[in-house]
file data-v6.pdb (PDB, C-alpha atoms)
ATOM      1  CA  MET A  27       0.000   0.000   0.000
ATOM      2  CA  GLN A  28       1.083   3.597  -0.360
ATOM      3  CA  ALA A  29       0.566   6.124   2.388
ATOM      4  CA  SER A  30       2.946   9.054   2.156
ATOM      5  CA  ALA A  31       2.629  12.325   0.312
ATOM      6  CA  ASP A  32       4.676  14.985  -1.365
ATOM      7  CA  GLU A  33       5.767  17.238   1.467
ATOM      8  CA  PRO A  34       3.796  20.516   1.341
ATOM      9  CA  THR A  35       5.743  23.740   1.149
ATOM     10  CA  ARG A  36       6.348  24.912   4.704
ATOM     11  CA  VAL A  37       5.234  28.524   4.813
ATOM     12  CA  GLU A  38       3.907  30.572   7.707
ATOM     13  CA  VAL A  39       0.141  30.804   7.312
ATOM     14  CA  ASP A  40      -2.126  32.773   9.623
ATOM     15  CA  ASP A  41      -4.523  30.309  11.260
ATOM     16  CA  ALA A  42      -7.467  32.452  10.193
ATOM     17  CA  ARG A  43      -6.443  31.998   6.548
ATOM     18  CA  ARG A  44      -5.571  28.313   6.670
ATOM     19  CA  ALA A  45      -7.709  26.015   4.590
ATOM     20  CA  LEU A  46      -8.131  23.984   7.780
ATOM     21  CA  PRO A  47      -7.629  25.348  11.315
ATOM     22  CA  SER A  48      -4.815  23.614  13.189
ATOM     23  CA  ASP A  49      -7.139  22.536  16.021
ATOM     24  CA  ALA A  50     -10.046  21.454  13.801
ATOM     25  CA  ALA A  51     -11.570  18.095  14.673
ATOM     26  CA  LEU A  52     -11.836  15.490  11.922
ATOM     27  CA  THR A  53     -14.790  13.292  11.066
ATOM     28  CA  LEU A  54     -14.150  10.235   8.917
ATOM     29  CA  ARG A  55     -17.031   9.378   6.556
ATOM     30  CA  PRO A  56     -16.398   5.826   5.252
ATOM     31  CA  GLU A  57     -18.562   3.672   3.053
ATOM     32  CA  PRO A  58     -20.345   0.970   5.121
ATOM     33  CA  ALA A  59     -17.892  -1.749   4.027
ATOM     34  CA  LEU A  60     -14.977   0.373   5.274
ATOM     35  CA  ARG A  61     -16.412   1.453   8.632
ATOM     36  CA  ALA A  62     -14.495  -1.034  10.810
ATOM     37  CA  LEU A  63     -11.267  -0.099   9.032
ATOM     38  CA  ALA A  64     -12.018   3.611   9.463
ATOM     39  CA  GLU A  65     -12.646   3.166  13.196
ATOM     40  CA  ARG A  66      -9.180   1.651  13.596
ATOM     41  CA  ALA A  67      -7.672   4.393  11.454
ATOM     42  CA  ALA A  68      -9.411   7.049  13.579
ATOM     43  CA  ARG A  69      -7.643   5.841  16.725
ATOM     44  CA  VAL A  70      -4.262   5.925  14.994
ATOM     45  CA  LEU A  71      -4.929   9.347  13.475
ATOM     46  CA  ALA A  72      -6.012  10.835  16.806
ATOM     47  CA  ALA A  73      -2.818   9.598  18.455
ATOM     48  CA  ARG A  74      -0.644  10.981  15.643
ATOM     49  CA  THR A  75      -2.266  14.421  15.302
ATOM     50  CA  GLY A  76      -3.599  15.174  18.789
ATOM     51  CA  VAL A  77      -6.978  16.356  17.460
ATOM     52  CA  THR A  78     -10.375  14.776  18.012
ATOM     53  CA  VAL A  79     -11.210  12.190  15.355
ATOM     54  CA  THR A  80     -14.656  10.593  15.074
ATOM     55  CA  VAL A  81     -16.366   8.293  12.579
ATOM     56  CA  GLY A  82     -19.616   9.498  11.042
ATOM     57  CA  GLU A  83     -22.169   8.480   8.433
ATOM     58  CA  PRO A  84     -21.260   7.304   4.904
ATOM     59  CA  PRO A  85     -20.372  10.049   2.414
ATOM     60  CA  PRO A  86     -22.775  11.188  -0.309
ATOM     61  CA  ALA A  87     -22.743   8.516  -2.990
ATOM     62  CA  ALA A  88     -23.078  10.938  -5.903
ATOM     63  CA  LEU A  89     -20.349  13.399  -4.920
ATOM     64  CA  LEU A  90     -17.691  12.631  -2.312
ATOM     65  CA  GLU A  91     -16.699  16.305  -2.141
ATOM     66  CA  ALA A  92     -20.154  17.245  -0.817
ATOM     67  CA  VAL A  93     -19.150  16.851   2.834
ATOM     68  CA  PRO A  94     -18.756  19.675   5.390
ATOM     69  CA  ALA A  95     -15.404  21.194   6.324
ATOM     70  CA  GLY A  96     -13.353  18.930   8.545
ATOM     71  CA  HIS A  97     -14.970  15.762   7.156
ATOM     72  CA  VAL A  98     -13.043  13.084   5.240
ATOM     73  CA  ALA A  99     -14.911  10.985   2.687
ATOM     74  CA  ILE A 100     -13.497   7.459   2.246
ATOM     75  CA  ALA A 101     -14.725   5.284  -0.613
ATOM     76  CA  LEU A 102     -13.547   2.375  -2.720
ATOM     77  CA  ARG A 103     -12.988   3.143  -6.375
ATOM     78  CA  THR A 104     -15.200   1.052  -8.657
ATOM     79  CA  ASP A 105     -13.907   1.871 -12.122
ATOM     80  CA  ALA A 106     -11.924  -0.689 -14.125
ATOM     81  CA  GLY A 107      -8.345  -1.266 -13.093
ATOM     82  CA  SER A 108      -8.750   0.335  -9.653
ATOM     83  CA  ALA A 109      -9.118  -2.764  -7.458
ATOM     84  CA  GLY A 110      -7.904  -2.111  -3.949
ATOM     85  CA  GLU A 111      -7.776   1.687  -4.374
ATOM     86  CA  LEU A 112      -9.467   4.203  -2.085
ATOM     87  CA  ASP A 113     -10.511   7.775  -2.791
ATOM     88  CA  LEU A 114      -9.856  10.071   0.190
ATOM     89  CA  VAL A 115     -11.380  13.567   0.186
ATOM     90  CA  LEU A 116     -10.778  16.085   2.978
ATOM     91  CA  ALA A 117     -13.156  19.051   2.837
ATOM     92  CA  ALA A 118     -11.808  22.392   4.061
ATOM     93  CA  ARG A 119     -13.208  25.898   4.408
ATOM     94  CA  GLU A 120     -14.632  28.075   1.622
ATOM     95  CA  SER A 121     -15.384  25.271  -0.852
ATOM     96  CA  THR A 122     -11.810  23.975  -0.773
ATOM     97  CA  PHE A 123     -11.014  20.296  -0.640
ATOM     98  CA  PHE A 124      -7.959  18.023  -0.767
ATOM     99  CA  ASP A 125      -8.082  14.579  -2.281
ATOM    100  CA  GLY A 126      -5.812  11.646  -3.029
ATOM    101  CA  ARG A 127      -5.872   7.968  -3.860
ATOM    102  CA  LEU A 128      -4.503   5.216  -1.687
ATOM    103  CA  ARG A 129      -3.689   1.702  -2.827
ATOM    104  CA  LEU A 130      -4.242  -1.043  -0.241
ATOM    105  CA  ALA A 131      -3.437  -4.714  -0.029
ATOM    106  CA  GLY A 132      -6.335  -7.143  -0.011
ATOM    107  CA  ARG A 133      -6.647  -7.337   3.773
ATOM    108  CA  HIS A 134      -8.349  -4.817   6.066
ATOM    109  CA  GLY A 135      -6.197  -5.133   9.178
ATOM    110  CA  ALA A 136      -4.062  -2.934  11.407
ATOM    111  CA  PRO A 137      -1.412  -2.152   8.713
ATOM    112  CA  GLU A 138      -4.116  -0.985   6.290
ATOM    113  CA  ALA A 139      -5.770   1.161   8.983
ATOM    114  CA  ARG A 140      -2.402   2.731   9.763
ATOM    115  CA  ALA A 141      -1.841   3.476   6.066
ATOM    116  CA  ILE A 142      -5.213   5.247   5.844
ATOM    117  CA  ALA A 143      -4.383   7.283   8.961
ATOM    118  CA  ILE A 144      -1.014   8.332   7.487
ATOM    119  CA  ALA A 145      -2.658   9.266   4.183
ATOM    120  CA  ILE A 146      -5.320  11.420   5.906
ATOM    121  CA  GLU A 147      -2.569  13.015   7.978
ATOM    122  CA  ALA A 148      -0.825  13.932   4.713
ATOM    123  CA  LEU A 149      -4.033  15.562   3.417
ATOM    124  CA  ARG A 150      -4.408  17.462   6.698
ATOM    125  CA  GLU A 151      -0.790  18.673   6.636
ATOM    126  CA  THR A 152      -1.287  19.994   3.121
ATOM    127  CA  ALA A 153      -4.476  21.777   4.193
ATOM    128  CA  LEU A 154      -2.668  23.340   7.171
ATOM    129  CA  ALA A 155       0.001  24.690   4.825
ATOM    130  CA  THR A 156      -2.485  26.059   2.266
ATOM    131  CA  GLU A 157      -3.576  29.707   2.484
ATOM    132  CA  LEU A 158      -7.089  30.554   1.363
ATOM    133  CA  PRO A 159      -7.457  33.261  -1.322
ATOM    134  CA  ARG A 160      -8.385  36.737  -0.140
ATOM    135  CA  SER A 161     -11.562  36.665  -2.235
ATOM    136  CA  ARG A 162     -14.102  33.871  -2.195
ATOM    137  CA  PRO A 163     -14.413  31.633  -5.279
ATOM    138  CA  ALA A 164     -16.842  32.821  -7.935
ATOM    139  CA  SER A 165     -20.178  31.093  -8.300
ATOM    140  CA  VAL A 166     -21.859  29.644 -11.348
ATOM    141  CA  SER A 167     -25.660  29.444 -11.428
ATOM    142  CA  GLY A 168     -25.789  29.959  -7.699
ATOM    143  CA  HIS A 169     -23.337  27.161  -6.897
ATOM    144  CA  ALA A 170     -19.897  27.860  -5.419
ATOM    145  CA  VAL A 171     -16.907  26.828  -7.510
ATOM    146  CA  ARG A 172     -14.910  24.344  -5.501
ATOM    147  CA  VAL A 173     -11.135  24.706  -5.292
ATOM    148  CA  ARG A 174      -9.492  21.321  -5.625
ATOM    149  CA  HIS A 175      -6.025  20.413  -4.378
ATOM    150  CA  ARG A 176      -4.682  17.075  -5.515
ATOM    151  CA  VAL A 177      -2.319  15.443  -2.998
ATOM    152  CA  ARG A 178      -0.107  12.802  -4.533
ATOM    153  CA  LEU A 179       0.242   9.801  -2.238
ATOM    154  CA  ARG A 180       3.390   7.994  -3.278
ATOM    155  CA  ALA A 181       6.137   5.689  -1.998
ATOM    156  CA  ASP A 182       9.048   8.166  -2.240
ATOM    157  CA  GLY A 183      11.364   5.503  -3.645
ATOM    158  CA  PHE A 184      10.574   2.905  -1.005
ATOM    159  CA  PRO A 185       9.368  -0.560  -2.017
ATOM    160  CA  TRP A 186       5.669  -1.339  -1.731
ATOM    161  CA  SER A 187       4.983  -2.421   1.812
ATOM    162  CA  ARG A 188       1.892  -3.390   3.714
ATOM    163  CA  TYR A 189       3.164  -1.229   6.579
ATOM    164  CA  GLY A 190       2.761   1.970   4.590
ATOM    165  CA  ALA A 191       5.337   3.779   2.485
ATOM    166  CA  ASP A 192       8.285   5.405   4.197
ATOM    167  CA  ARG A 193       7.066   4.677   7.722
ATOM    168  CA  LEU A 194       8.959   1.953   9.510
ATOM    169  CA  PRO A 195       6.819  -0.945  10.779
ATOM    170  CA  LEU A 196       5.958  -0.749  14.459
ATOM    171  CA  ALA A 197       7.771  -3.268  16.677
ATOM    172  CA  LYS A 198       5.746  -4.659  19.576
ATOM    173  CA  PRO A 199       6.992  -6.527  22.670
ATOM    174  CA  THR A 200       6.539 -10.199  23.444
ATOM    175  CA  ILE A 201       7.117 -12.034  26.711
ATOM    176  CA  TYR A 202       6.684 -15.670  27.638
ATOM    177  CA  LEU A 203       7.264 -18.351  30.233
ATOM    178  CA  ARG A 204       8.279 -21.893  29.355
ATOM    179  CA  ALA A 205       9.380 -25.225  30.771
ATOM    180  CA  LEU A 206      12.618 -26.807  29.493
ATOM    181  CA  VAL A 207      13.016 -30.531  28.846
ATOM    182  CA  GLY A 208      16.479 -31.375  27.508
ATOM    183  CA  LEU A 209      18.557 -34.484  26.954
ATOM    184  CA  SER A 210      22.289 -34.996  27.100
ATOM    185  CA  THR A 211      23.245 -37.244  24.198
ATOM    186  CA  ALA A 212      26.434 -38.431  25.915
ATOM    187  CA  ARG A 213      25.023 -39.320  29.348
ATOM    188  CA  SER A 214      21.275 -39.681  28.725
ATOM    189  CA  ALA A 215      20.835 -37.135  31.519
ATOM    190  CA  MET A 216      17.789 -34.884  31.648
ATOM    191  CA  LEU A 217      17.740 -31.083  31.552
ATOM    192  CA  LEU A 218      14.672 -29.835  33.430
ATOM    193  CA  GLY A 219      13.826 -26.312  34.481
ATOM    194  CA  PRO A 220      11.922 -23.060  33.901
ATOM    195  CA  GLY A 221      12.680 -20.453  31.264
ATOM    196  CA  THR A 222      11.560 -17.039  30.144
ATOM    197  CA  GLY A 223      11.907 -14.854  27.070
ATOM    198  CA  LEU A 224      11.557 -11.216  26.092
ATOM    199  CA  GLY A 225      11.681  -9.729  22.611
ATOM    200  CA  LEU A 226      10.346  -7.418  19.919
ATOM    201  CA  CYS A 227       8.103  -8.523  17.064
ATOM    202  CA  ILE A 228       7.109  -7.160  13.677
ATOM    203  CA  SER A 229       4.013  -8.995  12.522
ATOM    204  CA  ARG A 230       4.632 -12.673  13.447
ATOM    205  CA  HIS A 231       8.460 -12.457  13.345
ATOM    206  CA  CYS A 232      10.461 -11.741  16.498
ATOM    207  CA  VAL A 233      13.956 -11.177  17.849
ATOM    208  CA  VAL A 234      14.102 -12.584  21.380
ATOM    209  CA  LEU A 235      16.444 -12.870  24.350
ATOM    210  CA  GLU A 236      15.882 -15.999  26.424
ATOM    211  CA  GLY A 237      17.082 -17.586  29.613
ATOM    212  CA  ASP A 238      16.724 -21.137  30.958
ATOM    213  CA  LEU A 239      17.632 -22.475  34.402
ATOM    214  CA  PRO A 240      18.139 -26.276  34.515
ATOM    215  CA  LEU A 241      17.350 -27.392  38.054
ATOM    216  CA  LEU A 242      19.282 -30.669  38.020
ATOM    217  CA  PRO A 243      23.089 -30.375  38.146
ATOM    218  CA  GLU A 244      25.127 -32.408  35.668
ATOM    219  CA  GLU A 245      28.100 -34.508  36.665
ATOM    220  CA  ARG A 246      31.160 -35.466  34.647
ATOM    221  CA  SER A 247      33.999 -37.687  35.800
ATOM    222  CA  ASN A 248      37.238 -39.281  34.706
ATOM    223  CA  ALA A 249      39.456 -41.918  36.310
ATOM    224  CA  THR A 250      40.528 -39.667  39.216
ATOM    225  CA  TYR A 251      37.812 -37.130  40.069
ATOM    226  CA  ARG A 252      34.179 -36.085  39.521
ATOM    227  CA  VAL A 253      32.864 -32.586  38.722
ATOM    228  CA  ARG A 254      29.363 -31.221  39.373
ATOM    229  CA  TYR A 255      28.248 -28.641  36.801
ATOM    230  CA  ARG A 256      25.441 -26.075  37.262
ATOM    231  CA  PHE A 257      24.701 -23.470  34.606
ATOM    232  CA  LEU A 258      22.310 -20.939  33.056
ATOM    233  CA  ASN A 259      21.382 -20.899  29.367
ATOM    234  CA  PHE A 260      21.151 -17.573  27.535
ATOM    235  CA  SER A 261      20.247 -17.218  23.861
ATOM    236  CA  ALA A 262      19.506 -14.547  21.261
ATOM    237  CA  ARG A 263      17.405 -15.767  18.347
ATOM    238  CA  PHE A 264      15.438 -14.638  15.332
ATOM    239  CA  GLN A 265      12.046 -16.362  15.046
ATOM    240  CA  TYR A 266      10.646 -16.596  11.529
ATOM    241  CA  ARG A 267       6.959 -17.479  11.151
ATOM    242  CA  PRO A 268       5.811 -16.754   7.584
ATOM    243  CA  PHE A 269       2.612 -18.849   7.615
ATOM    244  CA  GLN A 270      -0.526 -19.207   9.689
ATOM    245  CA  PHE A 271      -3.145 -21.931   9.291
ATOM    246  CA  GLY A 272      -6.132 -20.869  11.340
ATOM    247  CA  PRO A 273      -4.998 -20.943  14.987
ATOM    248  CA  PHE A 274      -1.821 -22.941  14.149
ATOM    249  CA  VAL A 275       1.407 -21.047  13.477
ATOM    250  CA  PRO A 276       4.572 -23.011  12.518
ATOM    251  CA  GLY A 277       7.987 -21.425  12.671
ATOM    252  CA  VAL A 278      11.739 -21.804  12.667
ATOM    253  CA  SER A 279      14.454 -19.918  14.511
ATOM    254  CA  PHE A 280      18.213 -19.616  14.662
ATOM    255  CA  GLY A 281      20.714 -17.732  16.771
ATOM    256  CA  LEU A 282      23.444 -17.889  19.388
ATOM    257  CA  VAL A 283      23.403 -19.626  22.772
ATOM    258  CA  THR A 284      25.823 -19.421  25.671
ATOM    259  CA  ARG A 285      26.068 -21.176  29.027
ATOM    260  CA  ILE A 286      27.513 -19.595  32.140
ATOM    261  CA  GLY A 287      28.004 -21.937  35.082
ATOM    262  CA  THR A 288      29.988 -23.196  37.996
ATOM    263  CA  ALA A 289      32.003 -26.421  37.958
ATOM    264  CA  SER A 290      32.717 -27.818  41.452
ATOM    265  CA  LEU A 291      35.086 -30.628  42.319
ATOM    266  CA  VAL A 292      32.984 -33.139  44.272
ATOM    267  CA  GLY A 293      34.214 -33.666  47.835
ATOM    268  CA  THR A 294      36.151 -30.370  47.951
ATOM    269  CA  ASP A 295      35.416 -26.633  48.095
ATOM    270  CA  ARG A 296      37.194 -25.984  44.798
ATOM    271  CA  SER A 297      35.110 -24.509  41.957
ATOM    272  CA  GLN A 298      35.557 -22.651  38.678
ATOM    273  CA  THR A 299      33.362 -20.377  36.577
ATOM    274  CA  VAL A 300      33.084 -21.836  33.093
ATOM    275  CA  THR A 301      31.411 -20.681  29.882
ATOM    276  CA  ASP A 302      30.773 -21.861  26.367
ATOM    277  CA  ILE A 303      29.168 -20.539  23.185
ATOM    278  CA  GLY A 304      27.269 -22.248  20.395
ATOM    279  CA  LEU A 305      24.537 -22.129  17.779
ATOM    280  CA  ARG A 306      20.857 -22.882  18.349
ATOM    281  CA  THR A 307      18.254 -23.834  15.749
ATOM    282  CA  THR A 308      14.644 -24.842  16.372
ATOM    283  CA  LEU A 309      11.317 -25.863  14.900
ATOM    284  CA  GLU A 310       8.113 -24.838  16.652
ATOM    285  CA  ALA A 311       4.347 -25.182  16.471
ATOM    286  CA  ALA A 312       2.126 -22.661  18.225
ATOM    287  CA  LEU A 313      -1.597 -22.862  18.950
ATOM    288  CA  ARG A 314      -3.233 -19.446  19.377
ATOM    289  CA  LEU A 315      -5.724 -19.336  22.240
ATOM    290  CA  ASP A 316      -6.854 -15.794  21.393
ATOM    291  CA  ARG A 317      -5.336 -12.647  19.875
ATOM    292  CA  ARG A 318      -2.645 -12.407  22.560
ATOM    293  CA  PHE A 319      -1.825 -15.812  24.022
ATOM    294  CA  GLU A 320      -0.546 -19.013  22.462
ATOM    295  CA  ILE A 321       0.686 -22.419  23.614
ATOM    296  CA  VAL A 322       4.002 -23.427  22.049
ATOM    297  CA  LEU A 323       5.748 -26.739  21.522
ATOM    298  CA  GLU A 324       9.338 -26.221  20.372
ATOM    299  CA  GLY A 325      12.182 -28.597  19.671
ATOM    300  CA  GLY A 326      15.744 -27.599  18.986
ATOM    301  CA  VAL A 327      19.391 -28.560  18.845
ATOM    302  CA  ASP A 328      22.368 -26.702  20.339
ATOM    303  CA  LEU A 329      25.761 -27.058  18.678
ATOM    304  CA  ALA A 330      28.614 -26.157  21.043
ATOM    305  CA  LEU A 331      31.390 -24.317  19.234
ATOM    306  CA  SER A 332      33.521 -23.688  22.306
ATOM    307  CA  ARG A 333      32.795 -26.219  25.068
ATOM    308  CA  ALA A 334      33.074 -25.521  28.803
ATOM    309  CA  ARG A 335      36.065 -27.236  30.483
ATOM    310  CA  PHE A 336      37.179 -27.918  34.042
ATOM    311  CA  ILE A 337      40.950 -27.584  34.417
ATOM    312  CA  ASN A 338      42.434 -29.472  37.382
ATOM    313  CA  ARG A 339      45.474 -28.214  39.251
ATOM    314  CA  ALA A 340      47.492 -30.991  37.696
ATOM    315  CA  GLY A 341      46.676 -29.441  34.308
ATOM    316  CA  ASP A 342      44.399 -32.158  32.956
ATOM    317  CA  VAL A 343      41.148 -31.038  31.285
ATOM    318  CA  LEU A 344      37.641 -32.443  31.703
ATOM    319  CA  VAL A 345      35.149 -31.383  28.989
ATOM    320  CA  LEU A 346      31.772 -30.556  30.557
ATOM    321  CA  GLU A 347      29.607 -30.064  27.453
ATOM    322  CA  ASP A 348      28.363 -32.318  24.690
ATOM    323  CA  ARG A 349      28.984 -31.225  21.129
ATOM    324  CA  TRP A 350      25.265 -31.664  20.304
ATOM    325  CA  THR A 351      22.406 -31.167  22.788
ATOM    326  CA  PRO A 352      18.800 -31.736  21.660
ATOM    327  CA  TRP A 353      15.991 -30.279  23.752
ATOM    328  CA  LEU A 354      12.246 -29.758  23.869
ATOM    329  CA  ILE A 355      10.197 -27.012  25.508
ATOM    330  CA  THR A 356       6.560 -26.176  26.037
ATOM    331  CA  GLY A 357       5.350 -22.783  27.116
ATOM    332  CA  LEU A 358       2.812 -19.986  27.140
ATOM    333  CA  ARG A 359       3.521 -16.852  25.100
ATOM    334  CA  LEU A 360       2.098 -13.364  25.107
ATOM    335  CA  ARG A 361       2.391 -12.186  21.513
ATOM    336  CA  PRO A 362       1.616  -8.753  20.005
TER     337      PRO A 362
END
call {"tool": "encode", "arguments": {"input": "data-v6.pdb", "output": "structure tokens"}}
result
Amino acid sequence: MQASADEPTRVEVDDARRALPSDAALTLRPEPALRALAERAARVLAARTGVTVTVGEPPPAALLEAVPAGHVAIALRTDAGSAGELDLVLAARESTFFDGRLRLAGRHGAPEARAIAIAIEALRETALATELPRSRPASVSGHAVRVRHRVRLRADGFPWSRYGADRLPLAKPTIYLRALVGLSTARSAMLLGPGTGLGLCISRHCVVLEGDLPLLPEERSNATYRVRYRFLNFSARFQYRPFQFGPFVPGVSFGLVTRIGTASLVGTDRSQTVTDIGLRTTLEAALRLDRRFEIVLEGGVDLALSRARFINRAGDVLVLEDRWTPWLITGLRLRP
């Protein structure tokens, strides 16, 4: 969709001579099929401009421009080759109006509502920068001659985007709790414990920071001593979820994982802080319970690139990590 405009010339205009007063409230007048979309756009527009924005009755079918000052007519174009295009008409004072066309994607969701709000904001900004003529427009057969200002809504060199022209998509937070179930391939030992995550999402895709706390310590030994190993998992991942099938949302992710822990020599008070770093990749399936919450089942594999080691005073080394560690989690997510 496209939702930006040529920037109006910034000149000082007396508020009394503006085509639209700076504090004028706006009333959106959508066709019935566009009312729900206009109501969402009104909330966005009010937050962006600081003026009162309401949603009124449908515009006149015969002439969109025949709306009072401060009203915005919103209608789908019906002529050939205009599928998905809207006509937007902002009426101003003294028979002056500002209009433009906006191309939308097929859906009528939050991105489309935001695009409409940005487009109406562009019409309003142009009206605020337009000075009315000192003399009123002439009339013909008793009817005032309307002064039309065409506002070009364009992409300004940016690729077509369902977020709306040169505006960056809005990132929203996500937070979740989960339970870890892991397996050590070398020892058949379990990794059990709670975890949490925090991140930012654009649409269904997220960048997240996560932490897991295995509750059961691991033990490694050689011919002469045994080491108990406790650690925390931290990871940074990109979650990619391009598809949604009803309430089911599959996805994949990849990123970095590190462990920070303490290795203690069993039977003594000697301990060392040890760390490692690796790669993490996962597959997941999420079931949406409503717009905000989802239950997730996720399986993954960690590949240790630099494995944690316990170094004894004698100089011998005991490797504490497996090269490959598969794991499985289930959890509850709050998604934007």
call {"tool": "residues_around", "arguments": {"input": "data-v6.pdb", "residues": "Trp353 (chain A)", "least_positions_apart": "3", "cutoff": "12 Å", "atoms": "only C-alpha atoms", "output": "ChimeraX atom specification"}}
result
/A:205-211,214-219,238,240,306-310,323-329,350,356
call {"tool": "resolve_selection", "arguments": {"input": "data-v6.pdb", "expression": "the PyMOL selection byres ((chain A and resi 71-86) around 9)", "output": "count of residues only"}}
result
37
call {"tool": "resolve_selection", "arguments": {"input": "data-v6.pdb", "expression": "the PyMOL selection byres ((chain A and resi 332) around 8)", "output": "list in words"}}
result
Asp302, Ile303, Gly304, Ala330, Leu331, Arg333 and Ala334 of chain A
call {"tool": "axis_aligned_box", "arguments": {"input": "data-v6.pdb", "around": "region 201-210 of chain A", "padding_each_side": "8 Å", "output": "JSON"}}
result
{"center_x": 14.5, "center_y": -23.5, "center_z": 28.7, "size_x": 31.6, "size_y": 39.0, "size_z": 20.1}
call {"tool": "resolve_selection", "arguments": {"input": "data-v6.pdb", "expression": "the PyMOL selection byres ((chain A and resi 244) around 8)", "output": "ChimeraX atom specification"}}
result
/A:215,242-243,245-246,254-256
call {"tool": "residues_around", "arguments": {"input": "data-v6.pdb", "residues": "Gln298 (chain A)", "least_positions_apart": "5", "cutoff": "12 Å", "atoms": "all atoms listed in the file", "output": "list in words"}}
result
Val253, Arg254, Tyr255, Arg256, Phe257, Ile286, Gly287, Thr288, Ala289, Ser290, Leu291, Ala334, Arg335, Phe336, Ile337, Asn338, Arg339 and Leu346 of chain A
call {"tool": "write_last_selection", "arguments": {"input": "data-v6.pdb", "atoms": "C-alpha atoms", "output": "PDB file, in the frame of the given file"}}
result
ATOM      1  CA  VAL A 253      32.864 -32.586  38.722  1.00  0.00           C
ATOM      2  CA  ARG A 254      29.363 -31.221  39.373  1.00  0.00           C
ATOM      3  CA  TYR A 255      28.248 -28.641  36.801  1.00  0.00           C
ATOM      4  CA  ARG A 256      25.441 -26.075  37.262  1.00  0.00           C
ATOM      5  CA  PHE A 257      24.701 -23.470  34.606  1.00  0.00           C
ATOM      6  CA  ILE A 286      27.513 -19.595  32.140  1.00  0.00           C
ATOM      7  CA  GLY A 287      28.004 -21.937  35.082  1.00  0.00           C
ATOM      8  CA  THR A 288      29.988 -23.196  37.996  1.00  0.00           C
ATOM      9  CA  ALA A 289      32.003 -26.421  37.958  1.00  0.00           C
ATOM     10  CA  SER A 290      32.717 -27.818  41.452  1.00  0.00           C
ATOM     11  CA  LEU A 291      35.086 -30.628  42.319  1.00  0.00           C
ATOM     12  CA  ALA A 334      33.074 -25.521  28.803  1.00  0.00           C
ATOM     13  CA  ARG A 335      36.065 -27.236  30.483  1.00  0.00           C
ATOM     14  CA  PHE A 336      37.179 -27.918  34.042  1.00  0.00           C
ATOM     15  CA  ILE A 337      40.950 -27.584  34.417  1.00  0.00           C
ATOM     16  CA  ASN A 338      42.434 -29.472  37.382  1.00  0.00           C
ATOM     17  CA  ARG A 339      45.474 -28.214  39.251  1.00  0.00           C
ATOM     18  CA  LEU A 346      31.772 -30.556  30.557  1.00  0.00           C
TER      19      LEU A 346
END
call {"tool": "closest_residue", "arguments": {"input": "data-v6.pdb", "among": "A:Leu149, A:Ile355, A:Leu258, A:Ala136", "to": "Ser229 (chain A)", "atoms": "all atoms listed in the file"}}
result
A:Ala136
call {"tool": "atom_distance", "arguments": {"input": "data-v6.pdb", "atom1": "CA of Arg119 (chain A)", "atom2": "CA of Ala139 (chain A)"}}
result
26.2 Å
call {"tool": "residues_around", "arguments": {"input": "data-v6.pdb", "residues": "Ala118 (chain A)", "least_positions_apart": "5", "cutoff": "6 Å", "atoms": "all atoms listed in the file", "output": "list of chain:residue names"}}
result
A:Ala45, A:Leu46, A:Ala95, A:Gly96, A:Phe123
call {"tool": "residues_around", "arguments": {"input": "data-v6.pdb", "residues": "Ala197 (chain A)", "least_positions_apart": "5", "cutoff": "10 Å", "atoms": "only C-alpha atoms", "output": "tab-separated table (two decimals) with C-alpha atoms, in the frame of the given file"}}
result
chain	number	residue	atom	x	y	z
A	225	GLY	CA	11.68	-9.73	22.61
A	226	LEU	CA	10.35	-7.42	19.92
A	227	CYS	CA	8.10	-8.52	17.06
A	228	ILE	CA	7.11	-7.16	13.68
A	229	SER	CA	4.01	-8.99	12.52
A	231	HIS	CA	8.46	-12.46	13.34
A	232	CYS	CA	10.46	-11.74	16.50
A	362	PRO	CA	1.62	-8.75	20.00
call {"tool": "residues_near_point", "arguments": {"input": "data-v6.pdb", "point": "(0.2, -13.6, 24.4)", "cutoff": "6 Å", "atoms": "only C-alpha atoms", "output": "CSV table (one decimal) with C-alpha atoms, keeping the file's coordinate frame"}}
result
chain,number,residue,atom,x,y,z
A,318,ARG,CA,-2.6,-12.4,22.6
A,319,PHE,CA,-1.8,-15.8,24.0
A,320,GLU,CA,-0.5,-19.0,22.5
A,359,ARG,CA,3.5,-16.9,25.1
A,360,LEU,CA,2.1,-13.4,25.1
A,361,ARG,CA,2.4,-12.2,21.5
call {"tool": "atom_distance", "arguments": {"input": "data-v6.pdb", "atom1": "CA of Val322 (chain A)", "atom2": "CA of Val275 (chain A)"}}
result
9.3 Å
call {"tool": "closest_residue", "arguments": {"input": "data-v6.pdb", "among": "A:Glu236, A:Asp342, A:Glu157, A:Asp125", "to": "Tyr251 (chain A)", "atoms": "all atoms listed in the file"}}
result
A:Asp342
call {"tool": "atom_distance", "arguments": {"input": "data-v6.pdb", "atom1": "CA of Asp348 (chain A)", "atom2": "CA of Gln265 (chain A)"}}
result
24.8 Å
